[in-house]
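Take a look at the structure below.
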Amino acid sequence: MSSPILRATIFMSGAILSFSTMAIMGRMVSGDLDTFEIMLYRSLVGLAVIAGFVAWKNAWSDMKTQRIGVHAVRNLSHFAGQNLWFFAVTVAPLAQVFALEFTSPIWVLILAPLVLGEKLTRVRLFAGICGFIGVLIVTRPLSQEISVGAITAALSAIGFAGSILFTKKLTKTEPTLRILFYLTAMQAVFGLICAGYDLDITLPSMQTILPVVTIGCAGLLAHYCLTSALSVAPATVVVPMDFVRLPAIAVVGYAFYNETLDIYVFLGALIIFFGNYINIWTETRR
């Protein structure tokens, strides 16, 4: 195993562990905190970490931006997607949530021509069709009633796709640290508004404070590990590693929450992954 592949494997192991930890901790505190409160505290923890790093580097002047509107749209999209995701992990099987989350790159392909002006090629269209078929297999709308958890998980993927698209627009002029700073700062404000609209914000208890802090740290670590993996290895290597999240969280759901190992979830996710991988492989060769 070459050094870059080994490093990518280590980073992706950290990302998989972090995403899984967020799901478990989110479900753990859902009885005491609603999704807006979870997002508020997650963002405050992340903001404290980022602000501390900026202060340590004395880089406050680097946080000035001329693209505050794009930051706002990007972070509002991510805020919506993350809230829906946290709700989904509390009411739906974890494996189903993760499987539907993998449709996010498919939505990126569909929306990229509108947001970024990119062409919708035949391969990208094929990937989109695979994603649609995969969603139908996971949710099976004709054989059973579609659950609220499945709907919110699928909608969260659209929110994450919007976040990815506008992040790509920002990366042309904005450094990663600035993007993360506005991510945590704006989402803390969004969370405060949404959680406090009824003038009743539940504070973390002694039982939930540790899981809440863990969610905030795991969220930052997950994105750092995923970005670092993509920086040292090709996407065609990283994406299959990310797919390990599905069987990993399925085992967690089975072991800790007595969730069944649904073959349709794995089959649908496999088709979604196949479409994503073919598209990435084609783009990399091009």
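Residues are referred to by chain and number: the chain letter is A, B, ... according to the order shown in the structure tokens, the number counts from 1 in that chain, and ligands are numbered separately from 1 in the order shown.
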List as an MDAnalysis selection string the protein and nucleic acid residues near Leu136 in chain A, meaning an atom at most 10 Å away when only C-alpha atoms are counted, but skip any in the same chain fewer than 5 places from it.
chainID A and resid 130:131 141:142 264:265 268
Quick one: write out the picked residues with C-alpha atoms as an mmCIF file, in the first residue's frame?
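The new file result.cif reads:
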```cif
data_model
loop_
_atom_site.group_PDB
_atom_site.id
_atom_site.type_symbol
_atom_site.label_atom_id
_atom_site.label_comp_id
_atom_site.auth_asym_id
_atom_site.auth_seq_id
_atom_site.Cartn_x
_atom_site.Cartn_y
_atom_site.Cartn_z
ATOM 1 C CA CYS A 130 -28.834 5.298 -10.795
ATOM 2 C CA GLY A 131 -29.425 7.529 -7.785
ATOM 3 C CA PRO A 141 -42.901 3.409 -2.141
ATOM 4 C CA LEU A 142 -45.172 0.842 -3.838
ATOM 5 C CA TYR A 264 -33.002 -3.476 0.128
ATOM 6 C CA VAL A 265 -31.135 -0.635 1.844
ATOM 7 C CA GLY A 268 -30.239 0.565 -3.229
#
```
Could you pull out the residues in range 28-236 of chain A that DSSP calls helix (DSSP H, G or I) from the backbone, as a VMD selection string?
chain A and resid 28 to 29 35 to 57 60 to 63 68 to 91 94 to 101 104 to 115 122 to 139 148 to 170 176 to 195 209 to 232 235 to 236
Expected file contents, prior selection, C-alpha atoms, as a short mmCIF file (atom, residue, chain, number, x, y, z; two decimals), in the first residue's frame:
```
data_model
loop_
_atom_site.label_atom_id
_atom_site.label_comp_id
_atom_site.auth_asym_id
_atom_site.auth_seq_id
_atom_site.Cartn_x
_atom_site.Cartn_y
_atom_site.Cartn_z
CA MET A 28 -28.83 10.00 22.36
CA VAL A 29 -29.71 13.65 23.06
CA THR A 35 -32.83 19.44 16.21
CA PHE A 36 -32.53 23.25 16.27
CA GLU A 37 -31.03 23.13 19.76
CA ILE A 38 -28.64 20.37 18.73
CA MET A 39 -27.54 22.47 15.75
CA LEU A 40 -27.17 25.56 17.96
CA TYR A 41 -24.84 23.83 20.39
CA ARG A 42 -23.01 21.97 17.62
CA SER A 43 -22.29 25.29 15.90
CA LEU A 44 -21.26 27.02 19.13
CA VAL A 45 -18.76 24.24 19.88
CA GLY A 46 -17.39 24.43 16.33
CA LEU A 47 -17.22 28.23 16.46
CA ALA A 48 -15.28 28.11 19.73
CA VAL A 49 -12.75 25.73 18.18
CA ILE A 50 -12.39 27.75 14.95
CA ALA A 51 -12.27 31.13 16.74
CA GLY A 52 -9.64 29.78 19.12
CA PHE A 53 -7.52 28.62 16.18
CA VAL A 54 -7.93 31.97 14.38
CA ALA A 55 -6.93 33.83 17.55
CA TRP A 56 -3.92 31.56 18.01
CA LYS A 57 -2.83 32.24 14.42
CA TRP A 60 -8.71 37.77 12.21
CA SER A 61 -7.92 40.03 9.25
CA ASP A 62 -8.12 36.95 7.00
CA MET A 63 -11.76 36.45 8.01
CA ILE A 68 -21.07 37.29 2.51
CA GLY A 69 -24.20 36.57 0.42
CA VAL A 70 -22.76 33.34 -1.00
CA HIS A 71 -21.67 32.31 2.49
CA ALA A 72 -25.22 32.93 3.73
CA VAL A 73 -26.84 30.81 1.00
CA ARG A 74 -24.27 28.04 1.46
CA ASN A 75 -24.70 27.91 5.22
CA LEU A 76 -28.49 28.16 5.12
CA SER A 77 -28.53 25.17 2.77
CA HIS A 78 -26.20 23.20 5.04
CA PHE A 79 -28.19 24.23 8.13
CA ALA A 80 -31.39 22.89 6.59
CA GLY A 81 -29.72 19.66 5.47
CA GLN A 82 -28.07 19.07 8.85
CA ASN A 83 -31.29 19.70 10.78
CA LEU A 84 -33.19 17.26 8.59
CA TRP A 85 -30.36 14.73 9.00
CA PHE A 86 -30.40 14.98 12.80
CA PHE A 87 -34.18 14.52 12.78
CA ALA A 88 -33.91 11.53 10.43
CA VAL A 89 -31.41 9.67 12.65
CA THR A 90 -33.89 9.87 15.54
CA VAL A 91 -36.88 8.38 13.67
CA LEU A 94 -29.47 4.56 10.73
CA ALA A 95 -28.54 2.50 7.66
CA GLN A 96 -31.49 3.94 5.71
CA VAL A 97 -30.50 7.49 6.63
CA PHE A 98 -26.91 6.96 5.51
CA ALA A 99 -28.02 5.25 2.29
CA LEU A 100 -30.26 8.16 1.30
CA GLU A 101 -27.53 10.62 2.28
CA SER A 104 -26.24 14.05 -2.29
CA PRO A 105 -23.65 13.80 -5.11
CA ILE A 106 -26.48 12.88 -7.48
CA TRP A 107 -28.28 16.12 -6.64
CA VAL A 108 -25.01 17.97 -7.18
CA LEU A 109 -24.90 16.58 -10.73
CA ILE A 110 -28.48 17.63 -11.38
CA LEU A 111 -28.18 21.13 -9.90
CA ALA A 112 -24.65 21.95 -11.11
CA PRO A 113 -25.84 23.21 -14.54
CA LEU A 114 -28.13 25.72 -12.78
CA VAL A 115 -25.74 26.88 -10.05
CA ARG A 122 -24.45 11.46 -20.48
CA VAL A 123 -22.37 9.93 -17.69
CA ARG A 124 -23.72 12.43 -15.18
CA LEU A 125 -27.26 11.75 -16.35
CA PHE A 126 -26.58 8.01 -15.93
CA ALA A 127 -25.38 8.65 -12.38
CA GLY A 128 -28.56 10.62 -11.68
CA ILE A 129 -30.74 7.78 -12.97
CA CYS A 130 -28.83 5.30 -10.79
CA GLY A 131 -29.42 7.53 -7.78
CA PHE A 132 -33.16 7.73 -8.50
CA ILE A 133 -33.41 3.94 -8.87
CA GLY A 134 -31.44 3.47 -5.67
CA VAL A 135 -33.78 5.76 -3.74
CA LEU A 136 -36.79 3.81 -5.01
CA ILE A 137 -35.23 0.55 -3.84
CA VAL A 138 -34.35 1.94 -0.40
CA THR A 139 -37.79 3.49 0.21
CA VAL A 148 -41.20 10.57 7.65
CA GLY A 149 -37.61 9.55 8.43
CA ALA A 150 -37.00 8.44 4.84
CA ILE A 151 -38.45 11.68 3.48
CA THR A 152 -36.37 13.89 5.76
CA ALA A 153 -33.22 11.86 5.05
CA ALA A 154 -33.76 12.28 1.30
CA LEU A 155 -34.42 16.01 1.71
CA SER A 156 -31.28 16.38 3.82
CA ALA A 157 -29.27 15.11 0.84
CA ILE A 158 -30.63 18.01 -1.24
CA GLY A 159 -29.56 20.46 1.47
CA PHE A 160 -26.07 18.95 1.57
CA ALA A 161 -25.90 19.13 -2.24
CA GLY A 162 -26.67 22.85 -2.14
CA SER A 163 -23.95 23.27 0.45
CA ILE A 164 -21.45 21.45 -1.78
CA LEU A 165 -22.31 23.54 -4.84
CA PHE A 166 -21.97 26.89 -3.10
CA THR A 167 -18.83 25.69 -1.31
CA LYS A 168 -17.34 25.09 -4.74
CA LYS A 169 -18.22 28.66 -5.70
CA LEU A 170 -16.58 29.94 -2.53
CA THR A 176 -10.91 26.82 3.93
CA LEU A 177 -10.49 28.44 7.37
CA ARG A 178 -12.66 31.41 6.35
CA ILE A 179 -15.35 29.08 5.00
CA LEU A 180 -15.38 27.10 8.25
CA PHE A 181 -15.50 30.29 10.32
CA TYR A 182 -18.60 31.61 8.56
CA LEU A 183 -20.10 28.11 8.56
CA THR A 184 -20.02 27.85 12.35
CA ALA A 185 -20.78 31.54 13.02
CA MET A 186 -23.80 31.79 10.71
CA GLN A 187 -25.23 28.43 11.73
CA ALA A 188 -24.93 29.43 15.38
CA VAL A 189 -27.10 32.47 14.57
CA PHE A 190 -29.55 30.35 12.54
CA GLY A 191 -29.73 27.85 15.39
CA LEU A 192 -30.31 30.59 17.98
CA ILE A 193 -33.17 32.07 15.92
CA CYS A 194 -34.85 28.74 15.20
CA ALA A 195 -34.37 27.29 18.68
CA ILE A 209 -23.38 18.14 27.73
CA LEU A 210 -20.74 15.56 26.81
CA PRO A 211 -22.69 14.18 23.80
CA VAL A 212 -23.37 17.75 22.58
CA VAL A 213 -19.67 18.67 22.74
CA THR A 214 -18.85 15.38 21.03
CA ILE A 215 -21.27 16.21 18.18
CA GLY A 216 -19.59 19.58 17.64
CA CYS A 217 -16.06 18.17 17.64
CA ALA A 218 -17.02 15.14 15.53
CA GLY A 219 -18.62 17.39 12.92
CA LEU A 220 -15.44 19.43 12.47
CA LEU A 221 -13.24 16.33 12.53
CA ALA A 222 -15.38 14.54 9.93
CA HIS A 223 -15.09 17.37 7.40
CA TYR A 224 -11.39 17.81 8.11
CA CYS A 225 -10.69 14.10 7.58
CA LEU A 226 -12.76 13.92 4.40
CA THR A 227 -11.09 17.01 2.92
CA SER A 228 -7.64 15.75 3.91
CA ALA A 229 -8.30 12.34 2.33
CA LEU A 230 -9.31 14.00 -0.96
CA SER A 231 -6.16 16.13 -0.84
CA VAL A 232 -3.80 13.14 -0.69
CA ALA A 235 -11.58 10.72 -5.48
CA THR A 236 -11.89 7.27 -7.09
#
```
With only C-alpha atoms as the basis for distance, which of A:Ser18, A:Thr121, A:Thr103, A:Asn58 is at the shortest distance from Glu283 in chain A?
A:Thr121
Pick out the residues sitting within 9 Å of Val251 in chain A, and hand them over as number ranges by chain; count only C-alpha atoms, and ignore anything fewer than 5 positions along from it in its own chain.
A: 95, 246, 256, 259, 261
So that I can check the surroundings of Met241 in chain A, please list as a ChimeraX atom specification every protein, DNA and RNA residue that reaches within 12 Å of it, counting only C-alpha atoms and ignoring chain neighbours fewer than 3 positions away.
/A:5-6,8-16,226,229-230,233-238,244-248,273,277
Based on the selection just made, write C-alpha atoms of those residues as a PDB file, in the first residue's frame.
```
ATOM      1  CA  ILE A   5      -3.298   5.518   0.012  1.00  0.00           C
ATOM      2  CA  LEU A   6      -2.333   4.661   3.579  1.00  0.00           C
ATOM      3  CA  ALA A   8      -6.154   8.466   2.864  1.00  0.00           C
ATOM      4  CA  THR A   9      -7.245   5.264   4.617  1.00  0.00           C
ATOM      5  CA  ILE A  10      -6.348   6.733   8.004  1.00  0.00           C
ATOM      6  CA  PHE A  11      -8.190   9.978   7.253  1.00  0.00           C
ATOM      7  CA  MET A  12     -11.285   8.150   5.975  1.00  0.00           C
ATOM      8  CA  SER A  13     -11.306   5.909   9.037  1.00  0.00           C
ATOM      9  CA  GLY A  14     -11.478   9.094  11.098  1.00  0.00           C
ATOM     10  CA  ALA A  15     -14.285  10.470   8.907  1.00  0.00           C
ATOM     11  CA  ILE A  16     -16.332   7.255   9.149  1.00  0.00           C
ATOM     12  CA  LEU A 226     -12.756  13.918   4.400  1.00  0.00           C
ATOM     13  CA  ALA A 229      -8.303  12.339   2.331  1.00  0.00           C
ATOM     14  CA  LEU A 230      -9.310  13.999  -0.956  1.00  0.00           C
ATOM     15  CA  ALA A 233      -5.589  10.548  -2.861  1.00  0.00           C
ATOM     16  CA  PRO A 234      -7.825  10.496  -5.957  1.00  0.00           C
ATOM     17  CA  ALA A 235     -11.580  10.724  -5.479  1.00  0.00           C
ATOM     18  CA  THR A 236     -11.893   7.269  -7.095  1.00  0.00           C
ATOM     19  CA  VAL A 237      -9.985   5.898  -4.108  1.00  0.00           C
ATOM     20  CA  VAL A 238     -11.671   7.982  -1.401  1.00  0.00           C
ATOM     21  CA  VAL A 244     -17.900   1.773   4.271  1.00  0.00           C
ATOM     22  CA  ARG A 245     -19.992   4.140   6.396  1.00  0.00           C
ATOM     23  CA  LEU A 246     -23.133   2.230   5.407  1.00  0.00           C
ATOM     24  CA  PRO A 247     -22.258  -1.291   6.637  1.00  0.00           C
ATOM     25  CA  ALA A 248     -20.499   0.249   9.645  1.00  0.00           C
ATOM     26  CA  PHE A 273     -22.686   4.233  -5.152  1.00  0.00           C
ATOM     27  CA  TYR A 277     -18.305   5.994  -8.788  1.00  0.00           C
TER      28      TYR A 277
END
```
